[in-house]
$ cat model03.txt   # compact mmCIF, C-alpha atoms
# COMPACT_ATOMS: atom_id res chain seq x y z
CA MET A 271 -18.57 -22.96 13.50
CA LYS A 272 -21.47 -25.33 12.87
CA THR A 273 -21.10 -27.96 10.17
CA MET A 274 -23.52 -28.33 7.29
CA GLN A 275 -24.81 -31.58 8.83
CA GLU A 276 -25.52 -29.83 12.14
CA ILE A 277 -27.45 -27.09 10.34
CA ALA A 278 -29.44 -29.76 8.47
CA ASP A 279 -30.23 -31.62 11.71
CA GLU A 280 -31.32 -28.46 13.53
CA LEU A 281 -33.56 -27.37 10.66
CA GLY A 282 -34.93 -30.85 10.07
CA LEU A 283 -33.68 -30.98 6.49
CA ALA A 284 -31.45 -33.29 4.49
CA ARG A 285 -27.80 -32.28 4.27
CA SER A 286 -28.10 -32.27 0.47
CA THR A 287 -30.99 -29.79 0.70
CA VAL A 288 -28.95 -27.47 2.91
CA SER A 289 -26.00 -27.73 0.50
CA LEU A 290 -28.21 -26.83 -2.46
CA CYS A 291 -29.80 -23.90 -0.60
CA LEU A 292 -26.37 -22.43 0.16
CA SER A 293 -25.38 -22.56 -3.51
CA GLU A 294 -27.04 -21.41 -6.70
CA SER A 295 -27.81 -25.04 -7.58
CA HIS A 296 -31.16 -24.83 -5.77
CA ARG A 297 -32.56 -23.15 -8.89
CA HIS A 298 -32.47 -26.50 -10.67
CA TYR A 299 -34.46 -28.33 -7.98
CA ARG A 300 -37.91 -28.01 -6.49
CA ILE A 301 -36.86 -26.21 -3.34
CA SER A 302 -39.16 -23.40 -2.20
CA ALA A 303 -37.86 -19.86 -1.91
CA ALA A 304 -38.95 -19.86 1.75
CA THR A 305 -36.77 -22.90 2.51
CA VAL A 306 -33.78 -21.39 0.72
CA GLN A 307 -34.15 -18.16 2.70
CA ARG A 308 -34.64 -20.01 6.01
CA VAL A 309 -31.43 -22.01 5.46
CA ARG A 310 -29.43 -18.94 4.42
CA ASP A 311 -30.67 -16.84 7.33
CA TYR A 312 -29.82 -19.62 9.79
CA ALA A 313 -26.36 -20.15 8.26
CA GLU A 314 -25.62 -16.42 8.38
CA LYS A 315 -26.66 -16.19 12.03
CA ALA A 316 -24.37 -19.14 12.82
CA GLY A 317 -21.47 -17.63 10.87
CA PHE A 318 -21.41 -20.62 8.53
CA VAL A 319 -19.75 -20.28 5.13
CA PRO A 320 -19.63 -23.15 2.60
CA ASN A 321 -16.17 -24.51 1.80
CA ARG A 322 -15.60 -23.25 -1.74
CA MET A 323 -12.05 -24.52 -1.73
CA ALA A 324 -12.78 -28.16 -0.93
CA GLY A 325 -10.65 -30.44 -3.05
CA LYS A 326 -8.33 -27.65 -4.10
CA LEU A 327 -5.94 -27.94 -1.17
CA GLY A 328 -3.82 -30.96 -0.40
CA LYS A 329 -3.95 -32.40 3.10
CA ASP A 330 -0.74 -30.65 4.15
CA LYS A 331 -1.42 -27.39 2.29
CA THR A 332 -1.50 -24.36 4.59
CA PRO A 333 -4.44 -22.04 3.85
CA PRO A 334 -3.57 -18.66 2.32
CA ILE A 335 -3.45 -15.43 4.30
CA GLY A 336 -6.22 -12.97 3.42
CA LEU A 337 -5.10 -9.36 2.90
CA ILE A 338 -8.15 -7.07 3.03
CA ILE A 339 -8.07 -3.48 1.77
CA ASN A 340 -10.58 -0.86 2.93
CA GLN A 341 -10.67 1.21 -0.24
CA ASP A 342 -13.00 3.79 1.30
CA SER A 343 -10.32 5.04 3.67
CA SER A 344 -7.05 6.72 2.75
CA PHE A 345 -5.54 3.48 1.53
CA GLU A 346 -2.48 5.11 -0.04
CA LYS A 347 -0.80 5.26 3.37
CA SER A 348 -1.12 1.48 3.63
CA ALA A 349 0.48 0.75 0.24
CA VAL A 350 3.98 0.40 1.71
CA ALA A 351 2.72 -1.92 4.47
CA LEU A 352 0.77 -4.04 1.98
CA ARG A 353 3.80 -4.37 -0.27
CA TYR A 354 5.89 -5.36 2.75
CA ALA A 355 3.31 -8.03 3.69
CA MET A 356 3.28 -9.43 0.15
CA ASN A 357 7.08 -9.65 0.01
CA ARG A 358 7.33 -11.15 3.50
CA LEU A 359 4.71 -13.83 2.76
CA HIS A 360 6.32 -14.62 -0.59
CA GLU A 361 9.69 -15.12 1.10
CA ALA A 362 8.02 -17.38 3.67
CA LYS A 363 6.38 -19.36 0.83
CA ARG A 364 2.92 -18.53 2.20
CA ASP A 365 0.14 -18.03 -0.31
CA PHE A 366 -2.05 -14.97 0.08
CA VAL A 367 -5.23 -13.58 -1.40
CA ILE A 368 -5.79 -9.81 -1.75
CA GLN A 369 -9.36 -8.55 -1.65
CA GLY A 370 -10.56 -4.96 -1.46
CA PHE A 371 -13.95 -3.67 -0.41
CA ILE A 372 -15.83 -0.40 -0.74
CA GLY A 373 -19.16 0.90 0.44
CA GLY A 374 -19.12 -0.65 3.92
CA ARG A 375 -18.85 -4.21 2.55
CA LEU A 376 -16.42 -5.70 5.07
CA VAL A 377 -18.80 -8.49 6.09
CA PRO A 378 -19.39 -9.85 2.54
CA THR A 379 -15.64 -9.67 1.95
CA VAL A 380 -14.85 -11.71 5.08
CA ARG A 381 -17.59 -14.17 4.14
CA MET A 382 -16.11 -14.65 0.66
CA LEU A 383 -12.57 -15.20 1.98
CA LYS A 384 -13.80 -17.54 4.67
CA GLY A 385 -15.51 -19.52 1.92
CA LEU A 386 -12.01 -20.09 0.51
CA GLN A 387 -11.11 -21.61 3.91
CA ILE A 388 -8.93 -18.62 4.76
CA ASN A 389 -8.80 -18.30 8.55
CA THR A 390 -6.18 -15.56 8.96
CA LEU A 391 -7.08 -12.05 7.78
CA ILE A 392 -5.13 -8.78 7.89
CA MET A 393 -7.08 -5.60 7.21
CA PHE A 394 -5.38 -2.50 5.78
CA GLY A 395 -7.10 0.86 5.97
CA VAL A 396 -8.92 2.55 8.84
CA PHE A 397 -11.17 0.29 10.90
CA ASP A 398 -13.62 2.19 13.12
CA GLU A 399 -16.07 -0.18 14.82
CA SER A 400 -18.16 2.67 16.22
CA PHE A 401 -19.09 3.93 12.75
CA GLN A 402 -21.73 2.31 10.55
CA ARG A 403 -22.02 3.53 6.98
CA ARG A 404 -25.49 4.76 6.05
CA ASP A 405 -25.12 6.05 2.49
CA GLU A 406 -22.90 5.78 -0.55
CA SER A 407 -21.05 9.10 -0.28
CA PHE A 408 -17.36 8.48 -0.91
CA PHE A 409 -16.27 10.21 2.28
CA ASN A 410 -18.53 8.05 4.45
CA GLY A 411 -15.86 5.41 4.82
CA GLY A 412 -17.18 3.01 7.44
CA ALA A 413 -16.47 -0.71 7.14
CA PHE A 414 -19.97 -1.64 8.34
CA LYS A 415 -23.53 -1.18 7.25
CA PRO A 416 -26.21 -1.14 9.99
CA GLY A 417 -26.63 -4.58 11.52
CA ASP A 418 -23.27 -5.90 10.28
CA VAL A 419 -21.51 -5.93 13.66
CA HIS A 420 -23.25 -9.11 14.83
CA LYS A 421 -22.74 -10.75 11.45
CA LEU A 422 -18.99 -10.13 11.69
CA GLU A 423 -18.99 -11.46 15.25
CA ALA A 424 -20.40 -14.76 13.98
CA LEU A 425 -18.01 -14.95 11.03
CA LEU A 426 -14.90 -14.39 13.15
CA LYS A 427 -15.53 -17.11 15.74
CA ASP A 428 -12.88 -19.35 14.18
CA VAL A 429 -10.82 -16.70 12.34
CA ASN A 430 -7.81 -14.62 13.39
CA PHE A 431 -8.50 -11.06 12.25
CA PHE A 432 -5.82 -8.35 12.50
CA SER A 433 -6.49 -4.62 12.05
CA VAL A 434 -3.23 -2.69 11.59
CA ASP A 435 -4.91 0.75 11.40
CA TYR A 436 -7.55 0.65 14.13
CA ASP A 437 -9.32 3.79 15.33
CA TYR A 438 -9.55 3.61 19.14
CA PRO A 439 -11.37 3.56 21.46
CA ALA A 440 -13.15 0.26 20.83
CA PRO A 441 -16.91 0.56 21.48
CA ALA A 442 -18.61 -1.40 24.25
CA ASP A 443 -20.27 -3.71 21.73
CA CYS A 444 -17.06 -4.36 19.79
CA VAL A 445 -16.47 -7.59 17.89
CA HIS A 446 -14.49 -10.27 19.71
CA ASN A 447 -11.53 -12.18 18.24
CA ILE A 448 -9.95 -9.11 16.66
CA TYR A 449 -6.34 -8.02 17.15
CA ARG A 450 -6.51 -4.22 17.20
CA MET A 451 -3.44 -2.08 16.49
CA GLY A 452 -3.73 1.65 15.95
CA ILE A 453 -4.19 5.04 17.56
CA ASN A 454 -6.89 7.12 19.17
CA ARG A 455 -7.37 9.67 16.40
CA SER A 456 -9.63 11.90 18.45
CA GLN A 457 -7.26 12.06 21.43
CA THR A 458 -4.27 12.61 19.15
CA ARG A 459 -5.87 15.63 17.49
CA ILE A 460 -6.98 17.15 20.79
CA GLU A 461 -3.50 16.79 22.32
CA LEU A 462 -1.92 18.33 19.23
CA MET A 463 -4.35 21.26 19.33
CA GLU A 464 -3.52 21.86 23.00
CA LYS A 465 0.20 22.00 22.15
CA LEU A 466 -0.40 24.37 19.26
CA ALA A 467 -2.61 26.61 21.43
CA ALA A 468 0.10 26.74 24.12
CA ALA A 469 2.59 27.78 21.42
CA GLY A 470 0.36 30.61 20.23
CA LYS A 471 -0.76 28.77 17.08
CA GLY A 472 -4.36 28.28 18.23
CA ASN A 473 -7.70 29.54 16.85
CA PHE A 474 -8.49 26.47 14.82
CA MET A 475 -10.74 25.29 12.07
CA CYS A 476 -11.11 21.52 11.82
CA ASP A 477 -13.29 18.65 10.62
CA ILE A 478 -14.26 16.68 13.72
CA SER A 479 -17.04 14.47 15.04
CA ASP A 480 -19.98 15.68 17.12
CA GLU A 481 -18.42 14.03 20.19
CA ASP A 482 -15.14 15.90 19.71
CA GLU A 483 -17.00 19.18 19.22
CA ALA A 484 -18.28 19.06 22.81
CA ILE A 485 -14.79 18.27 24.16
CA LEU A 486 -13.13 21.06 22.18
CA MET A 487 -15.79 23.54 23.28
CA GLU A 488 -15.25 22.54 26.91
CA LYS A 489 -11.48 22.92 26.54
CA LYS A 490 -12.05 26.27 24.77
CA LEU A 491 -10.05 25.10 21.76
CA ILE A 492 -12.99 26.16 19.61
CA PHE A 493 -15.65 28.70 20.51
CA ASP A 494 -17.80 29.06 17.39
CA ARG A 495 -19.49 26.46 15.16
CA ARG A 496 -18.09 28.30 12.14
CA GLN A 497 -14.74 26.78 13.13
CA LEU A 498 -16.11 23.33 12.27
CA LEU A 499 -15.59 22.11 8.72
CA ARG A 500 -18.63 19.99 7.94
CA TRP A 501 -19.87 18.74 4.57
CA ASP A 502 -23.38 19.09 3.20
CA PHE A 503 -22.23 18.63 -0.36
CA MET A 504 -21.35 15.89 -2.80
CA ALA A 505 -17.69 15.78 -3.82
CA ARG A 506 -15.78 13.96 -6.54
CA ASP A 507 -12.92 12.91 -4.29
CA GLU A 508 -10.95 13.96 -1.21
CA PHE A 509 -9.15 16.75 -3.09
CA ASP A 510 -12.55 18.22 -3.97
CA VAL A 511 -13.56 18.12 -0.29
CA GLY A 512 -10.48 20.24 0.43
CA ARG A 513 -11.51 22.73 -2.24
CA HIS A 514 -14.99 22.99 -0.70
CA TYR A 515 -13.43 23.47 2.72
CA ALA A 516 -11.34 26.34 1.29
CA ASP A 517 -14.56 28.23 0.52
CA MET A 518 -15.60 27.94 4.18
CA VAL A 519 -12.15 28.94 5.39
CA MET A 520 -11.85 31.99 3.16
CA ARG A 521 -15.28 33.20 4.27
CA ASP A 522 -14.49 33.20 7.99
CA PHE A 523 -10.82 32.79 8.88
CA ARG A 524 -9.74 36.45 8.92
CA HIS A 525 -12.42 37.93 11.16
CA MET A 526 -12.19 34.85 13.41
CA LYS A 527 -8.38 35.17 13.47
CA VAL A 528 -7.91 31.48 12.64
CA ARG A 529 -4.27 30.38 12.62
CA THR A 530 -4.29 26.59 12.09
CA ILE A 531 -6.51 24.19 10.12
CA LEU A 532 -6.59 20.45 10.84
CA VAL A 533 -8.21 17.95 8.45
CA ASN A 534 -8.58 14.16 8.57
CA ASP A 535 -6.89 13.26 5.27
CA ASP A 536 -3.73 14.44 3.50
CA ARG A 537 -5.55 14.60 0.17
CA VAL A 538 -8.15 16.92 1.70
CA ALA A 539 -5.25 19.05 2.99
CA VAL A 540 -3.72 19.22 -0.50
CA GLY A 541 -7.01 20.32 -2.11
CA LEU A 542 -7.40 22.91 0.64
CA ILE A 543 -3.88 24.33 0.23
CA GLU A 544 -4.18 24.44 -3.58
CA ALA A 545 -7.43 26.42 -3.37
CA LEU A 546 -6.09 28.76 -0.68
CA THR A 547 -2.88 29.57 -2.56
CA ALA A 548 -4.83 30.05 -5.80
CA ASN A 549 -6.76 32.76 -3.97
CA GLY A 550 -3.63 34.49 -2.69
CA ILE A 551 -3.62 33.09 0.86
CA LYS A 552 -0.13 32.06 1.92
CA VAL A 553 0.51 28.74 3.67
CA PRO A 554 1.98 28.69 6.31
CA GLU A 555 2.50 32.46 6.65
CA GLU A 556 -1.21 33.30 6.95
CA LEU A 557 -2.66 29.87 7.68
CA GLN A 558 -1.10 26.64 8.89
CA VAL A 559 -2.51 23.35 7.55
CA ILE A 560 -2.10 19.89 9.11
CA GLY A 561 -3.20 16.67 7.42
CA PHE A 562 -3.60 13.09 8.57
CA ASP A 563 -1.96 9.83 7.39
CA ASN A 564 1.46 11.09 6.23
CA LEU A 565 1.18 9.83 2.66
CA GLN A 566 4.42 9.02 0.86
CA ASP A 567 3.99 12.07 -1.35
CA ALA A 568 3.46 14.48 1.57
CA PRO A 569 7.09 15.79 1.53
CA TYR A 570 6.77 16.58 -2.19
CA PHE A 571 3.56 18.62 -2.25
CA ARG A 572 3.79 22.25 -3.35
CA VAL A 573 3.88 23.08 0.35
CA PRO A 574 5.44 20.05 2.13
CA LEU A 575 2.68 18.87 4.45
CA THR A 576 2.79 18.46 8.21
CA SER A 577 0.83 15.32 8.98
CA ILE A 578 -0.10 12.79 11.67
CA GLU A 579 1.28 9.33 11.01
CA VAL A 580 -0.13 5.97 12.14
CA PRO A 581 2.67 3.32 12.33
CA VAL A 582 0.89 0.93 9.96
CA LEU A 583 4.13 -0.56 8.61
CA GLU A 584 5.44 -1.38 12.09
CA ASN A 585 2.08 -2.88 13.06
CA THR A 586 2.13 -5.04 9.93
CA ARG A 587 5.63 -6.26 10.75
CA ARG A 588 4.55 -7.27 14.26
CA VAL A 589 1.46 -9.09 12.94
CA LEU A 590 3.55 -11.10 10.49
CA ASP A 591 6.11 -11.89 13.21
CA HIS A 592 3.19 -13.31 15.19
CA ILE A 593 1.73 -15.29 12.26
CA LEU A 594 5.01 -16.62 10.85
CA ASN A 595 7.21 -16.86 13.95
CA ASN A 596 4.65 -17.21 16.78
CA ASP A 597 5.98 -14.03 18.41
CA PRO A 598 3.64 -12.85 21.18
CA LEU A 599 1.08 -10.19 20.26
CA GLU A 600 -1.37 -8.42 22.52
CA LYS A 601 -5.01 -8.29 21.49
CA ASP A 602 -4.95 -4.50 21.83
CA THR A 603 -2.02 -2.27 20.92
CA ILE A 604 -2.57 1.50 21.20
CA ASN A 605 0.27 3.18 19.30
CA GLN A 606 1.71 6.61 19.86
CA ALA A 607 0.97 8.68 16.76
CA ASN A 608 3.90 10.45 15.12
CA ILE A 609 3.62 14.13 14.18
CA ILE A 610 5.73 14.67 11.07
CA TRP A 611 6.53 18.39 10.97
CA ARG A 612 7.08 19.98 7.57
CA GLN A 613 6.68 23.39 6.02
CA SER A 614 2.86 23.67 6.15
CA ALA A 615 2.76 23.95 9.98
CA SER A 616 5.01 24.16 13.02
CA LEU A 617 4.84 24.54 16.79
$ encode --input "model03.txt" --output "structure tokens"
Amino acid sequence: MKTMQEIADELGLARSTVSLCLSESHRHYRISAATVQRVRDYAEKAGFVPNRMAGKLGKDKTPPIGLIINQDSSFEKSAVALRYAMNRLHEAKRDFVIQGFIGGRLVPTVRMLKGLQINTLIMFGVFDESFQRRDESFFNGGAFKPGDVHKLEALLKDVNFFSVDYDYPAPADCVHNIYRMGINRSQTRIELMEKLAAAGKGNFMCDISDEDEAILMEKKLIFDRRQLLRWDFMARDEFDVGRHYADMVMRDFRHMKVRTILVNDDRVAVGLIEALTANGIKVPEELQVIGFDNLQDAPYFRVPLTSIEVPVLENTRRVLDHILNNDPLEKDTINQANIIWRQSASL
């Protein structure tokens, strides 16, 4: 990362001017708005963040670990892993800072933590680099806004960033210097649907991406666009999405002879099951329902929920073994997803 002096030299400015431009102090001096913007744009492109912790750490003080929470995704499944990380770092006498983000604001969050001289970050919650958030709908849970990928690339040049719930595959223009640990959600769902179809539990309805739609059509796992659960509505929360989905399901499932419904979030599955049972449709006798994330409460729902589990806790343990004990860790770890079978669905 460039130093403040290097930025000043390259822009032909005094170091003090650059320092003022990167803080709010410039308001008290006669520095033009154009100069302030030029300095900030250059610093952002270079991935430079002012040291907001200077003087607060002793010479031998180890910087804290940053624990980042993607609050747009189904964070509840990460609560156990986050608590484990907090306890493990406390026992190791390592300070940590917890910071959540929402609305695709991963880049400002990393910038803020880097300004505290934190150079090791662990992100909890789904991280999908191929998705860039474009609006403020709650279900649009991307970590990026358009144009943020290159900003994150610059910020992470001298930072170790660990994602313990990564959504593979990584795109061609992925950010470097990231340790990715997670599953291929798309492939996991397709393989599960193939097993269910072979067991006579096919004829699906599911919420999937446009890319997966083409694959499922080719594999003849779906044959009609009415089998796709897509939203064109505003919802209060994930449970409400499930209730909206129930309206679509009840309209079409009988004449289409649908047997199994797969959704991308356990809370969506709960809202769906509640609405179906309220309308006299029995789960799993008439319809099977499968969620995603295996929340802690999943065994205790009215109908214990079959769900797909990402080994976030195990990934977190391996990351901390690497950070605290220097255990080896691959840059990419594609986990095998676990299917936790309960009453709501079976093979």
$ closest_residue --input "model03.txt" --among "A:Leu376, A:Gln387, A:Gly470, A:Asp398" --to "Lys415 of chain A" --atoms "all atoms listed in the file"
A:Leu376
$ atom_distance --input "model03.txt" --atom1 "atom CA of Val519 of chain A" --atom2 "atom CA of Gln341 of chain A"
28.3 Å
$ axis_aligned_box --input "model03.txt" --around "segment 589-603 of chain A" --padding-each-side "8 Å" --output "JSON"
{"center_x": 1.1, "center_y": -9.7, "center_z": 16.5, "size_x": 28.2, "size_y": 30.9, "size_z": 28.0}
$ residues_around --input "model03.txt" --residues "Tyr438 of chain A" --least-positions-apart "4" --cutoff "12 Å" --atoms "only C-alpha atoms" --output "PyMOL selection string"
chain A and resi 396-401+433-434+442+444+450-458+580+602-607
$ closest_atom_pairs --input "model03.txt" --of "segment 468-546 of chain A" --to "segment 345-358 of chain A" --cutoff "12 Å" --atoms "only C-alpha atoms" --output "CSV"
residue,atom,partner,partner_atom,distance
A:Asp535,CA,A:Lys347,CA,10.2
A:Asp536,CA,A:Lys347,CA,9.6
A:Arg537,CA,A:Glu346,CA,10.0
$ closest_residue --input "model03.txt" --among "A:Glu544, A:Asp591, A:Asp597, A:Asp482" --to "Val573 of chain A" --atoms "all atoms listed in the file"
A:Glu544
$ atom_distance --input "model03.txt" --atom1 "atom CA of Phe431 of chain A" --atom2 "atom CA of Gly336 of chain A"
9.3 Å
$ build_atoms --input "model03.txt" --residues "segment 583-611 of chain A" --atoms "N, CA and C atoms" --output "JSON list (two decimals), in the coordinates of the input"
[["chain", "number", "residue", "atom", "x", "y", "z"],
["A", 583, "LEU", "N", 3.08, 0.37, 9.03],
["A", 583, "LEU", "CA", 4.13, -0.56, 8.61],
["A", 583, "LEU", "C", 4.67, -1.35, 9.79],
["A", 584, "GLU", "N", 4.93, -0.69, 10.90],
["A", 584, "GLU", "CA", 5.44, -1.38, 12.09],
["A", 584, "GLU", "C", 4.39, -2.36, 12.62],
["A", 585, "ASN", "N", 3.14, -1.97, 12.61],
["A", 585, "ASN", "CA", 2.08, -2.88, 13.06],
["A", 585, "ASN", "C", 2.01, -4.12, 12.18],
["A", 586, "THR", "N", 2.16, -3.92, 10.87],
["A", 586, "THR", "CA", 2.13, -5.04, 9.93],
["A", 586, "THR", "C", 3.29, -5.99, 10.19],
["A", 587, "ARG", "N", 4.46, -5.43, 10.45],
["A", 587, "ARG", "CA", 5.63, -6.26, 10.75],
["A", 587, "ARG", "C", 5.37, -7.11, 11.99],
["A", 588, "ARG", "N", 4.79, -6.53, 13.02],
["A", 588, "ARG", "CA", 4.55, -7.27, 14.26],
["A", 588, "ARG", "C", 3.49, -8.36, 14.05],
["A", 589, "VAL", "N", 2.48, -8.08, 13.24],
["A", 589, "VAL", "CA", 1.46, -9.09, 12.94],
["A", 589, "VAL", "C", 2.08, -10.28, 12.22],
["A", 590, "LEU", "N", 2.93, -10.01, 11.24],
["A", 590, "LEU", "CA", 3.55, -11.10, 10.49],
["A", 590, "LEU", "C", 4.56, -11.86, 11.34],
["A", 591, "ASP", "N", 5.24, -11.19, 12.25],
["A", 591, "ASP", "CA", 6.11, -11.89, 13.21],
["A", 591, "ASP", "C", 5.29, -12.87, 14.04],
["A", 592, "HIS", "N", 4.08, -12.45, 14.40],
["A", 592, "HIS", "CA", 3.19, -13.31, 15.19],
["A", 592, "HIS", "C", 2.70, -14.50, 14.36],
["A", 593, "ILE", "N", 2.29, -14.23, 13.12],
["A", 593, "ILE", "CA", 1.73, -15.29, 12.26],
["A", 593, "ILE", "C", 2.82, -16.29, 11.85],
["A", 594, "LEU", "N", 3.97, -15.77, 11.43],
["A", 594, "LEU", "CA", 5.01, -16.62, 10.85],
["A", 594, "LEU", "C", 5.96, -17.20, 11.89],
["A", 595, "ASN", "N", 6.20, -16.43, 12.97],
["A", 595, "ASN", "CA", 7.21, -16.86, 13.95],
["A", 595, "ASN", "C", 6.62, -17.16, 15.33],
["A", 596, "ASN", "N", 5.31, -17.01, 15.48],
["A", 596, "ASN", "CA", 4.65, -17.21, 16.78],
["A", 596, "ASN", "C", 5.13, -16.24, 17.84],
["A", 597, "ASP", "N", 5.62, -15.05, 17.43],
["A", 597, "ASP", "CA", 5.98, -14.03, 18.41],
["A", 597, "ASP", "C", 4.71, -13.58, 19.15],
["A", 598, "PRO", "N", 4.83, -13.26, 20.43],
["A", 598, "PRO", "CA", 3.64, -12.85, 21.18],
["A", 598, "PRO", "C", 3.07, -11.54, 20.65],
["A", 599, "LEU", "N", 1.75, -11.41, 20.73],
["A", 599, "LEU", "CA", 1.08, -10.19, 20.26],
["A", 599, "LEU", "C", -0.14, -9.96, 21.13],
["A", 600, "GLU", "N", -0.21, -8.77, 21.70],
["A", 600, "GLU", "CA", -1.37, -8.42, 22.52],
["A", 600, "GLU", "C", -2.60, -8.24, 21.64],
["A", 601, "LYS", "N", -3.77, -8.49, 22.23],
["A", 601, "LYS", "CA", -5.01, -8.29, 21.49],
["A", 601, "LYS", "C", -5.24, -6.81, 21.16],
["A", 602, "ASP", "N", -4.79, -5.93, 22.04],
["A", 602, "ASP", "CA", -4.95, -4.50, 21.83],
["A", 602, "ASP", "C", -3.61, -3.80, 21.94],
["A", 603, "THR", "N", -3.26, -3.04, 20.92],
["A", 603, "THR", "CA", -2.02, -2.27, 20.92],
["A", 603, "THR", "C", -2.35, -0.83, 20.52],
["A", 604, "ILE", "N", -2.31, 0.09, 21.48],
["A", 604, "ILE", "CA", -2.57, 1.50, 21.20],
["A", 604, "ILE", "C", -1.22, 2.18, 20.94],
["A", 605, "ASN", "N", -0.99, 2.55, 19.69],
["A", 605, "ASN", "CA", 0.27, 3.18, 19.30],
["A", 605, "ASN", "C", 0.31, 4.65, 19.67],
["A", 606, "GLN", "N", 1.51, 5.18, 19.76],
["A", 606, "GLN", "CA", 1.71, 6.61, 19.86],
["A", 606, "GLN", "C", 1.81, 7.17, 18.45],
["A", 607, "ALA", "N", 0.93, 8.08, 18.10],
["A", 607, "ALA", "CA", 0.97, 8.68, 16.76],
["A", 607, "ALA", "C", 2.21, 9.56, 16.62],
["A", 608, "ASN", "N", 2.74, 9.61, 15.40],
["A", 608, "ASN", "CA", 3.90, 10.45, 15.12],
["A", 608, "ASN", "C", 3.45, 11.71, 14.39],
["A", 609, "ILE", "N", 3.89, 12.87, 14.87],
["A", 609, "ILE", "CA", 3.62, 14.13, 14.18],
["A", 609, "ILE", "C", 4.84, 14.42, 13.31],
["A", 610, "ILE", "N", 4.65, 14.41, 12.00],
["A", 610, "ILE", "CA", 5.73, 14.67, 11.07],
["A", 610, "ILE", "C", 5.66, 16.14, 10.66],
["A", 611, "TRP", "N", 6.58, 16.95, 11.20],
["A", 611, "TRP", "CA", 6.53, 18.39, 10.97],
["A", 611, "TRP", "C", 7.23, 18.75, 9.66]]
